[in-house]
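Listing of entry16.cif, mmCIF, C-alpha atoms
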data_structure
loop_
_atom_site.label_atom_id
_atom_site.label_comp_id
_atom_site.auth_asym_id
_atom_site.auth_seq_id
_atom_site.Cartn_x
_atom_site.Cartn_y
_atom_site.Cartn_z
CA MET P 1 -28.06 -90.36 29.36
CA GLU P 2 -29.87 -93.63 28.99
CA LEU P 3 -29.94 -95.36 25.69
CA ARG P 4 -33.40 -96.00 24.33
CA LEU P 5 -33.37 -99.46 22.94
CA PRO P 6 -35.88 -100.21 20.21
CA THR P 7 -37.99 -103.29 20.59
CA SER P 8 -36.22 -104.82 17.67
CA VAL P 9 -33.20 -105.09 19.93
CA VAL P 10 -34.28 -107.96 22.09
CA GLY P 11 -31.26 -109.43 23.78
CA PRO P 12 -27.49 -109.48 24.02
CA GLY P 13 -27.26 -111.11 20.62
CA GLU P 14 -28.83 -108.09 18.96
CA ILE P 15 -26.57 -105.73 20.91
CA ASN P 16 -23.54 -107.67 19.74
CA ARG P 17 -24.89 -107.55 16.20
CA LEU P 18 -25.28 -103.76 16.47
CA LEU P 19 -21.74 -103.43 17.77
CA ARG P 20 -20.45 -105.55 14.90
CA GLU P 21 -22.44 -103.44 12.47
CA LEU P 22 -21.04 -100.26 13.94
CA ALA P 23 -17.55 -101.69 13.68
CA ALA P 24 -18.24 -102.51 10.03
CA LEU P 25 -19.37 -98.93 9.48
CA ASP P 26 -16.16 -97.64 11.06
CA ASP P 27 -14.18 -99.88 8.79
CA PHE P 28 -16.15 -98.64 5.83
CA PHE P 29 -15.53 -95.02 6.61
CA LEU P 30 -11.84 -95.74 7.26
CA SER P 31 -11.57 -97.48 3.91
CA ALA P 32 -13.45 -94.66 2.22
CA ALA P 33 -10.97 -92.12 3.60
CA ALA P 34 -8.01 -94.16 2.46
CA ARG P 35 -9.32 -95.10 -1.00
CA ALA P 36 -7.87 -93.59 -4.16
CA ALA P 37 -9.93 -90.99 -5.94
CA GLY P 38 -12.38 -92.48 -8.39
CA THR P 39 -12.26 -95.95 -6.84
CA PRO P 40 -15.78 -97.20 -6.29
CA LEU P 41 -16.57 -98.34 -2.76
CA PRO P 42 -19.85 -100.12 -2.07
CA PRO P 43 -21.48 -98.78 1.09
CA PRO P 44 -22.36 -101.32 3.78
CA ARG P 45 -25.98 -102.19 4.35
CA VAL P 46 -27.37 -100.87 7.58
CA THR P 47 -30.02 -102.94 9.25
CA PHE P 48 -33.37 -101.57 10.28
CA MET P 49 -32.43 -102.36 13.88
CA LEU P 50 -29.38 -100.09 13.76
CA GLU P 51 -31.23 -97.40 11.94
CA GLN P 52 -33.99 -97.50 14.50
CA ALA P 53 -31.52 -97.42 17.41
CA ALA P 54 -29.72 -94.45 15.91
CA ARG P 55 -32.94 -92.63 15.07
CA ASP P 56 -34.52 -93.20 18.45
CA ASN P 57 -31.41 -91.88 20.22
CA LYS P 58 -30.79 -89.07 17.68
CA PHE P 59 -27.41 -90.35 16.51
CA ASN P 60 -26.00 -89.73 13.09
CA LEU P 61 -24.30 -92.86 11.89
CA LEU P 62 -22.25 -90.90 9.43
CA GLU P 63 -20.43 -89.15 12.22
CA GLU P 64 -17.75 -91.06 13.96
CA ALA P 65 -18.31 -89.44 17.34
CA HIS P 66 -21.96 -90.46 17.26
CA ARG P 67 -21.03 -93.96 16.32
CA ASP P 68 -18.50 -94.12 19.13
CA GLU P 69 -21.05 -92.83 21.59
CA LEU P 70 -23.56 -95.32 20.39
CA LYS P 71 -21.03 -98.10 20.74
CA THR P 72 -20.14 -96.97 24.22
CA ARG P 73 -23.75 -96.92 25.31
CA LEU P 74 -24.47 -100.24 23.69
CA GLN P 75 -21.47 -101.72 25.45
CA SER P 76 -22.70 -100.26 28.69
CA VAL P 77 -26.11 -101.76 28.16
CA LEU P 78 -24.54 -105.08 27.37
CA GLU P 79 -22.56 -104.99 30.58
CA ARG P 80 -25.11 -103.52 32.96
CA ALA P 81 -28.58 -104.14 31.67
CA PRO P 82 -30.46 -106.99 33.34
CA VAL P 83 -30.96 -110.08 31.23
CA VAL P 84 -33.95 -112.35 31.60
CA HIS P 85 -34.79 -115.58 29.82
CA ILE P 86 -38.29 -116.15 28.70
CA SER P 87 -39.51 -119.50 27.38
CA LEU P 88 -42.59 -119.75 25.24
CA ALA P 89 -44.51 -122.73 23.90
CA ALA P 90 -43.93 -121.71 20.29
CA GLU P 91 -41.73 -119.45 18.26
CA PRO P 92 -43.03 -115.93 18.91
CA SER P 93 -43.88 -113.58 16.10
CA PRO P 94 -42.28 -110.12 16.11
CA ARG P 95 -45.55 -108.67 17.30
CA ILE P 96 -45.56 -110.92 20.37
CA THR P 97 -41.91 -110.23 21.07
CA ASP P 98 -42.52 -106.53 20.67
CA ALA P 99 -45.46 -106.61 23.09
CA ILE P 100 -43.62 -108.58 25.77
CA LEU P 101 -40.48 -106.52 25.42
CA SER P 102 -42.40 -103.26 25.54
CA TRP P 103 -44.10 -104.33 28.73
CA LEU P 104 -40.83 -105.44 30.32
CA ARG P 105 -39.03 -102.24 29.41
CA ALA P 106 -41.94 -100.10 30.52
CA ASN P 107 -42.53 -101.88 33.81
CA ILE P 108 -39.35 -103.66 34.85
CA HIS P 109 -36.29 -101.92 33.42
CA PRO P 110 -35.90 -99.58 30.38
CA ASN P 111 -32.91 -101.48 29.01
CA ILE P 112 -33.82 -105.00 29.97
CA LEU P 113 -32.56 -107.64 27.58
CA VAL P 114 -34.49 -110.76 26.87
CA VAL P 115 -33.32 -114.14 25.66
CA ILE P 116 -36.25 -115.94 24.11
CA GLY P 117 -36.35 -119.72 24.26
CA LEU P 118 -38.70 -122.43 23.13
CA GLN P 119 -40.29 -124.94 25.50
CA PRO P 120 -43.27 -126.80 24.01
CA THR P 121 -44.02 -128.72 27.22
CA ILE P 122 -45.50 -125.69 28.89
CA ALA P 123 -48.36 -125.81 26.35
CA ALA P 124 -49.27 -122.20 26.86
CA GLY P 125 -48.10 -119.19 28.85
CA ALA P 126 -44.48 -118.47 29.58
CA GLU P 127 -41.64 -119.24 31.93
CA LEU P 128 -39.49 -116.31 32.99
CA ARG P 129 -36.07 -116.87 34.51
CA THR P 130 -34.23 -114.00 36.15
CA GLY P 131 -30.82 -114.27 37.76
CA ASN P 132 -32.07 -115.91 40.90
CA GLN P 133 -35.61 -116.99 40.31
CA ILE P 134 -37.96 -118.74 37.94
CA PHE P 135 -41.42 -117.32 37.38
CA ASP P 136 -43.49 -120.14 36.00
CA MET P 137 -46.46 -118.56 34.26
CA SER P 138 -47.20 -121.59 32.12
CA LEU P 139 -50.57 -123.22 31.63
CA ARG P 140 -49.08 -126.46 32.96
CA THR P 141 -48.36 -124.86 36.33
CA HIS P 142 -51.66 -123.06 36.27
CA LEU P 143 -53.49 -126.36 35.74
CA GLN P 144 -51.44 -127.99 38.51
CA LYS P 145 -52.37 -125.14 40.85
CA GLN P 146 -56.01 -125.61 39.91
CA GLU P 147 -55.91 -129.36 40.63
CA GLY P 148 -57.63 -128.83 43.97
CA TYR P 149 -60.50 -127.08 42.26
CA LEU P 150 -60.66 -129.84 39.66
CA VAL P 151 -60.71 -132.46 42.42
CA LYS P 152 -63.57 -130.58 44.07
CA LEU P 153 -65.43 -130.54 40.79
CA ILE P 154 -64.92 -134.28 40.38
CA GLU P 155 -65.95 -134.84 44.00
CA GLY P 156 -69.07 -132.82 43.38
CA ALA P 157 -69.83 -134.80 40.26
CA VAL P 158 -69.24 -138.11 42.08
CA SER P 159 -71.34 -136.99 45.07
CA GLY P 160 -74.12 -135.86 42.80
CA ARG P 161 -74.28 -139.29 41.19
CA ARG P 162 -74.33 -141.19 44.49
CA MET C 1 -120.42 -205.32 98.96
CA ASN C 2 -120.96 -203.09 101.96
CA SER C 3 -121.26 -204.19 105.55
CA GLY C 4 -125.04 -203.50 105.57
CA GLY C 5 -125.59 -206.12 102.89
CA LEU C 6 -123.53 -208.72 104.77
CA LEU C 7 -125.37 -208.00 108.02
CA LEU C 8 -128.71 -208.34 106.20
CA ILE C 9 -127.75 -211.70 104.70
CA THR C 10 -126.32 -213.00 107.98
CA GLY C 11 -129.43 -211.76 109.86
CA SER C 12 -131.74 -213.48 107.41
CA ILE C 13 -129.89 -216.79 107.70
CA LEU C 14 -129.84 -216.59 111.53
CA SER C 15 -133.55 -215.69 111.76
CA ALA C 16 -134.49 -218.63 109.52
CA THR C 17 -132.40 -221.02 111.62
CA VAL C 18 -133.85 -219.66 114.89
CA ALA C 19 -137.40 -219.99 113.54
CA PHE C 20 -136.76 -223.57 112.46
CA ILE C 21 -135.27 -224.53 115.81
CA TRP C 22 -138.03 -222.80 117.73
CA LEU C 23 -140.71 -224.67 115.70
CA ALA C 24 -138.99 -227.98 116.28
CA TRP C 25 -138.64 -227.25 119.95
CA ARG C 26 -142.31 -226.24 120.36
CA ILE C 27 -143.45 -229.32 118.59
CA GLY C 28 -141.25 -231.56 120.71
CA LYS C 29 -142.32 -229.87 123.92
CA THR C 30 -146.10 -230.75 123.74
CA PRO C 31 -147.04 -232.61 127.07
CA SER C 32 -148.54 -236.31 127.21
CA LEU C 33 -151.26 -237.10 129.56
CA LYS C 34 -150.40 -240.69 130.90
CA ASP C 35 -148.29 -243.56 129.99
CA ALA C 36 -149.07 -247.25 130.07
CA LYS C 37 -148.23 -247.58 133.70
CA GLY C 38 -150.76 -245.10 134.62
CA ASN C 39 -148.43 -242.30 134.85
CA PRO C 40 -150.37 -239.62 133.17
CA THR C 41 -147.41 -237.54 132.43
CA GLN C 42 -145.48 -240.24 130.89
CA ALA C 43 -148.60 -241.41 129.05
CA LEU C 44 -149.06 -238.03 127.64
CA GLU C 45 -145.56 -237.98 126.74
CA GLY C 46 -145.81 -241.24 124.97
CA ALA C 47 -148.97 -240.16 123.21
CA ALA C 48 -147.45 -237.02 122.21
CA ARG C 49 -144.46 -238.84 121.00
CA GLU C 50 -146.65 -241.02 118.93
CA ASP C 51 -148.55 -238.09 117.61
CA VAL C 52 -145.37 -236.44 116.84
CA GLU C 53 -144.16 -239.47 115.13
CA HIS C 54 -147.45 -239.64 113.35
CA ILE C 55 -147.47 -236.04 112.33
CA PHE C 56 -143.84 -235.59 111.79
CA ASN C 57 -143.30 -238.67 109.84
CA ASP C 58 -140.54 -239.08 107.36
CA GLU C 59 -142.49 -237.64 104.48
CA PHE C 60 -143.47 -234.65 106.46
CA ARG C 61 -139.95 -234.20 107.63
CA GLU C 62 -138.79 -234.63 104.10
CA GLU C 63 -141.30 -232.05 103.01
CA LEU C 64 -140.13 -229.70 105.71
CA ARG C 65 -136.58 -230.27 104.73
CA ASN C 66 -137.51 -229.61 101.17
CA ARG C 67 -139.34 -226.46 102.11
CA GLY C 68 -136.50 -225.36 104.29
CA ARG C 69 -134.06 -226.17 101.54
CA LEU C 70 -136.14 -224.25 99.02
CA HIS C 71 -136.51 -221.34 101.40
CA PHE C 72 -132.87 -221.44 102.15
CA GLU C 73 -132.09 -221.61 98.47
CA LYS C 74 -134.47 -218.76 97.86
CA ILE C 75 -132.84 -216.69 100.57
CA ILE C 76 -129.45 -217.72 99.32
CA GLY C 77 -130.54 -216.77 95.77
CA GLU C 78 -131.93 -213.46 96.86
CA ASN C 79 -128.82 -212.77 98.86
CA ALA C 80 -126.76 -213.88 95.96
CA ILE C 81 -128.61 -211.36 93.84
CA PHE C 82 -128.02 -208.71 96.48
CA LEU C 83 -124.46 -209.81 96.74
CA GLN C 84 -124.16 -209.66 92.97
CA GLN C 85 -125.72 -206.20 92.91
CA ASP C 86 -123.46 -205.08 95.71
CA LEU C 87 -120.56 -206.65 93.96
CA ARG C 88 -121.49 -204.86 90.74
CA GLN C 89 -121.92 -201.61 92.59
CA THR C 90 -118.67 -202.14 94.40
CA THR C 91 -117.00 -203.01 91.13
CA THR C 92 -118.49 -199.93 89.55
CA GLN C 93 -117.38 -197.77 92.46
CA LEU C 94 -114.02 -199.43 92.43
CA ASN C 95 -113.78 -198.80 88.73
CA ASP C 96 -114.82 -195.21 89.22
CA TYR C 97 -112.36 -194.85 92.06
CA MET C 98 -109.63 -196.46 90.06
CA ARG C 99 -110.51 -194.36 87.06
CA SER C 100 -110.52 -191.19 89.10
CA GLU C 101 -107.29 -192.17 90.83
CA ILE C 102 -105.65 -193.12 87.59
CA THR C 103 -106.98 -189.98 85.96
CA ARG C 104 -105.75 -187.87 88.85
CA THR C 105 -102.38 -189.58 88.85
CA LEU C 106 -102.14 -189.29 85.11
CA GLN C 107 -103.16 -185.66 85.28
CA GLN C 108 -100.51 -185.04 87.91
CA GLU C 109 -97.95 -186.86 85.82
CA PHE C 110 -99.10 -185.05 82.74
CA LYS C 111 -98.83 -181.76 84.60
CA LYS C 112 -95.34 -182.66 85.72
CA TYR C 113 -94.48 -183.76 82.21
CA GLU C 114 -96.05 -180.64 80.79
CA GLN C 115 -94.15 -178.52 83.30
CA SER C 116 -90.95 -180.31 82.37
CA ILE C 117 -91.66 -179.76 78.72
CA THR C 118 -92.50 -176.10 79.41
CA ASP C 119 -89.28 -175.70 81.39
CA ALA C 120 -87.26 -177.40 78.68
CA LYS C 121 -89.01 -175.29 76.08
CA GLN C 122 -88.33 -172.14 78.08
CA LEU C 123 -84.69 -173.15 78.46
CA ALA C 124 -84.47 -173.83 74.76
CA LEU C 125 -86.16 -170.51 73.99
CA ASP C 126 -83.82 -168.68 76.36
CA SER C 127 -80.87 -170.38 74.76
CA ILE C 128 -82.15 -169.58 71.29
CA GLU C 129 -82.79 -165.97 72.29
CA LYS C 130 -79.29 -165.68 73.70
CA THR C 131 -77.90 -167.22 70.55
CA ILE C 132 -79.99 -164.90 68.40
CA THR C 133 -78.88 -161.91 70.47
CA THR C 134 -75.26 -162.94 70.14
CA ILE C 135 -75.65 -163.53 66.43
CA GLU C 136 -77.39 -160.17 66.05
CA GLN C 137 -74.58 -158.46 67.93
CA GLN C 138 -72.00 -160.23 65.83
CA ARG C 139 -73.92 -159.39 62.69
CA GLY C 140 -74.21 -155.75 63.69
CA PHE C 141 -70.53 -155.59 64.55
CA LEU C 142 -69.56 -157.27 61.31
CA GLN C 143 -71.93 -155.06 59.37
CA GLN C 144 -70.50 -151.95 60.99
CA GLN C 145 -66.94 -153.15 60.43
CA LEU C 146 -67.72 -154.04 56.85
CA ALA C 147 -69.41 -150.70 56.27
CA THR C 148 -66.44 -148.86 57.81
CA GLN C 149 -63.95 -150.77 55.72
CA SER C 150 -66.09 -150.35 52.65
CA GLU C 151 -66.39 -146.61 53.23
CA ALA C 152 -62.66 -146.30 53.85
CA GLN C 153 -61.86 -148.27 50.74
CA LYS C 154 -64.41 -146.33 48.74
CA ALA C 155 -63.01 -143.04 50.01
CA GLN C 156 -59.50 -144.21 49.21
CA ILE C 157 -60.51 -145.29 45.72
CA ILE C 158 -62.40 -142.04 45.13
CA SER C 159 -59.52 -139.98 46.49
CA ARG C 160 -57.05 -141.84 44.32
CA PHE C 161 -59.39 -141.57 41.38
CA GLU C 162 -59.83 -137.84 41.92
CA VAL C 163 -56.11 -137.18 42.23
CA GLU C 164 -55.24 -139.42 39.32
CA MET C 165 -58.13 -138.07 37.34
CA ALA C 166 -56.94 -134.51 37.91
CA SER C 167 -53.46 -135.43 36.69
CA ILE C 168 -54.92 -137.31 33.74
CA ILE C 169 -57.14 -134.38 32.79
CA ASN C 170 -54.25 -131.94 33.11
CA HIS C 171 -52.02 -134.16 31.06
CA TYR C 172 -54.75 -134.64 28.50
CA ILE C 173 -55.39 -130.91 28.25
CA LEU C 174 -51.69 -130.19 27.83
CA ARG C 175 -51.38 -132.89 25.18
CA ALA C 176 -54.59 -131.90 23.50
CA ILE C 177 -53.90 -128.23 23.20
CA GLY C 178 -50.17 -128.71 22.61
CA ASN C 179 -49.12 -126.03 20.19
CA GLN C 180 -52.64 -125.43 19.06
CA ILE C 181 -53.03 -122.24 21.05
CA ASP C 182 -51.64 -119.34 19.13
CA LEU C 183 -49.22 -117.15 21.03
CA SER C 184 -51.35 -114.15 20.06
CA ASP C 185 -54.14 -115.66 22.08
CA GLN C 186 -51.78 -116.24 24.97
CA LEU C 187 -50.41 -112.70 24.97
CA ASP C 188 -53.03 -111.30 27.30
CA TYR C 189 -52.53 -114.20 29.68
CA ILE C 190 -48.73 -113.76 29.60
CA LEU C 191 -48.97 -110.04 30.21
CA THR C 192 -51.44 -110.60 33.03
CA GLU C 193 -49.11 -113.11 34.63
CA LEU C 194 -46.17 -110.72 34.20
CA GLU C 195 -48.22 -107.99 35.80
CA ALA C 196 -49.02 -110.31 38.69
CA ASN C 197 -45.33 -111.12 39.19
CA LYS C 198 -44.10 -107.61 38.45
CA LYS C 199 -43.07 -106.75 41.96
CA ALA C 200 -41.18 -109.99 42.49
CA ILE C 201 -39.39 -109.63 39.14
CA ILE C 202 -38.32 -106.07 39.91
CA GLU C 203 -37.05 -107.06 43.34
CA ASP C 204 -35.15 -110.01 41.94
CA ILE C 205 -33.59 -107.92 39.18
CA LYS C 206 -32.58 -105.24 41.67
CA ARG C 207 -30.96 -107.87 43.81
CA GLY C 208 -29.17 -109.28 40.80
CA THR C 209 -27.97 -105.89 39.70
#

What would you get if you wrote out this structure as structure tokens?
Amino acid sequence: MELRLPTSVVGPGEINRLLRELAALDDFFLSAAARAAGTPLPPPRVTFMLEQAARDNKFNLLEEAHRDELKTRLQSVLERAPVVHISLAAEPSPRITDAILSWLRANIHPNILVVIGLQPTIAAGAELRTGNQIFDMSLRTHLQKQEGYLVKLIEGAVSGRR
Amino acid sequence: MNSGGLLLITGSILSATVAFIWLAWRIGKTPSLKDAKGNPTQALEGAAREDVEHIFNDEFREELRNRGRLHFEKIIGENAIFLQQDLRQTTTQLNDYMRSEITRTLQQEFKKYEQSITDAKQLALDSIEKTITTIEQQRGFLQQQLATQSEAQKAQIISRFEVEMASIINHYILRAIGNQIDLSDQLDYILTELEANKKAIIEDIKRGT
């Protein structure tokens, strides 16, 4: 069964964070079992990302078997899911990240992981790098591709003034 | 003076001389009846001789000579006038002839000179026309060459300008917009581009996997 990754889980870094969080939960429950009666034990804080991942995949984080299963699937995703790098001109807001990630997971691969980078020189658009290829969807490349049309426009303007 | 005038003068002189001689001979030839010896012929001759001597004395002879001289002078004067007239006429004719000859010769020379000038002028005109034609050809060739070079240079400058201008505009746009475009505004563009490259991305990811 495929793991449904929430859009808050963007790339391998988030997967690793989830795994670390799950490990912390295991430690917490282990400590709770071994603690003396009446000893207070502060529960660990669970992130919204982990909560969402568990909720979306119907896992109960209080149960060890569910946590193990979740860890196994997350590990599997980390090892097998395709990873792409996307560079944007500015730091994307969560809404932008969510939109791009949703599209990629809906159209390319359900568990695709994205590493988001920053590249101001592209001005606008994005640059997507897969394992073997670079998809330059930046405004810079778009303008370069349109140079012929711009030259024709200039030619037309020059011819019109002659 | 023409030959008619000379003949007239010579004839007049000869006729006057002949008349004088004939008169003298007629007078001298009058017969005498008898001479002193009773010879009638000789007497007549002697009488006649005396008469002749009486009639044709020295005064008379002088008078005759004077008359003859005057007549001769008159004839000579008249002939001189004729001669002068003839001479004037001849001079006039000679002048006319000379004038006509000189005029004709001059006209011929002028014609030759004019022809020479016309030929020289024609040669000069031909030469000038050839020179003008050559210059026109050279000018046309140079003009064409200049126009070609000018067009080529203009095209090169325009082409370079267009290419450089395109790069400059692109660079300017990129610099101008910089980070000014919000990613929210770019989202549609990014998603459209992703959609356009969807197939290639899927294929590449499948290959990678």

Discussion item. Can you translate the PyMOL selection byres ((chain P and resi 46) around 10) into the concrete residues it hits in this file, as a PyMOL selection string?
Written reply: chain P and resi 18+21-22+24-25+43-45+47-51+61

Fill in: Explicit residues for the PyMOL selection byres ((chain P) within 9 of (chain C)) (as number ranges by chain)
P: 80-84, 88-93, 95-96, 99-100, 103-104, 107-109, 120-126, 128, 130-133, 135, 137-140, 143-144, 147-148, 150-152, 154-155, 158

Fill in: Point-to-point distance from atom CA of C:Tyr113 to atom CA of C:Tyr97, Å rounded to tenths
23.2 Å

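Taken over the whole file, the PyMOL selection byres ((chain C and resi 2-10) around 9) covers exactly Met1, Gly11, Ser12, Ile13, Leu14, Ser15, Ile75, Ile76, Asn79, Phe82, Leu83, Asp86, Leu87 and Thr90 of chain C.
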
Got time to write the residues from that selection, C-alpha atoms, as a PDB file, in the coordinates of the input?
ATOM      1  CA  MET C   1    -120.420-205.320  98.960  1.00  0.00           C
ATOM      2  CA  GLY C  11    -129.430-211.760 109.860  1.00  0.00           C
ATOM      3  CA  SER C  12    -131.740-213.480 107.410  1.00  0.00           C
ATOM      4  CA  ILE C  13    -129.890-216.790 107.700  1.00  0.00           C
ATOM      5  CA  LEU C  14    -129.840-216.590 111.530  1.00  0.00           C
ATOM      6  CA  SER C  15    -133.550-215.690 111.760  1.00  0.00           C
ATOM      7  CA  ILE C  75    -132.840-216.690 100.570  1.00  0.00           C
ATOM      8  CA  ILE C  76    -129.450-217.720  99.320  1.00  0.00           C
ATOM      9  CA  ASN C  79    -128.820-212.770  98.860  1.00  0.00           C
ATOM     10  CA  PHE C  82    -128.020-208.710  96.480  1.00  0.00           C
ATOM     11  CA  LEU C  83    -124.460-209.810  96.740  1.00  0.00           C
ATOM     12  CA  ASP C  86    -123.460-205.080  95.710  1.00  0.00           C
ATOM     13  CA  LEU C  87    -120.560-206.650  93.960  1.00  0.00           C
ATOM     14  CA  THR C  90    -118.670-202.140  94.400  1.00  0.00           C
TER      15      THR C  90
END

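Atom CA of P:Leu101 lies 15.4 Å from atom CA of P:Val77.
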
Discussion item. One number please: atom CA of C:Thr131 to atom CA of C:Lys112, in Å, one decimal.
Written reply: 27.8 Å

Discussion item. Tell me which residues come within 9 Å of (-32.5, -96.8, 19.7), as a PyMOL selection string, counting all atoms listed in the file in the file's coordinates.
Written reply: chain P and resi 3-7+9+49-59
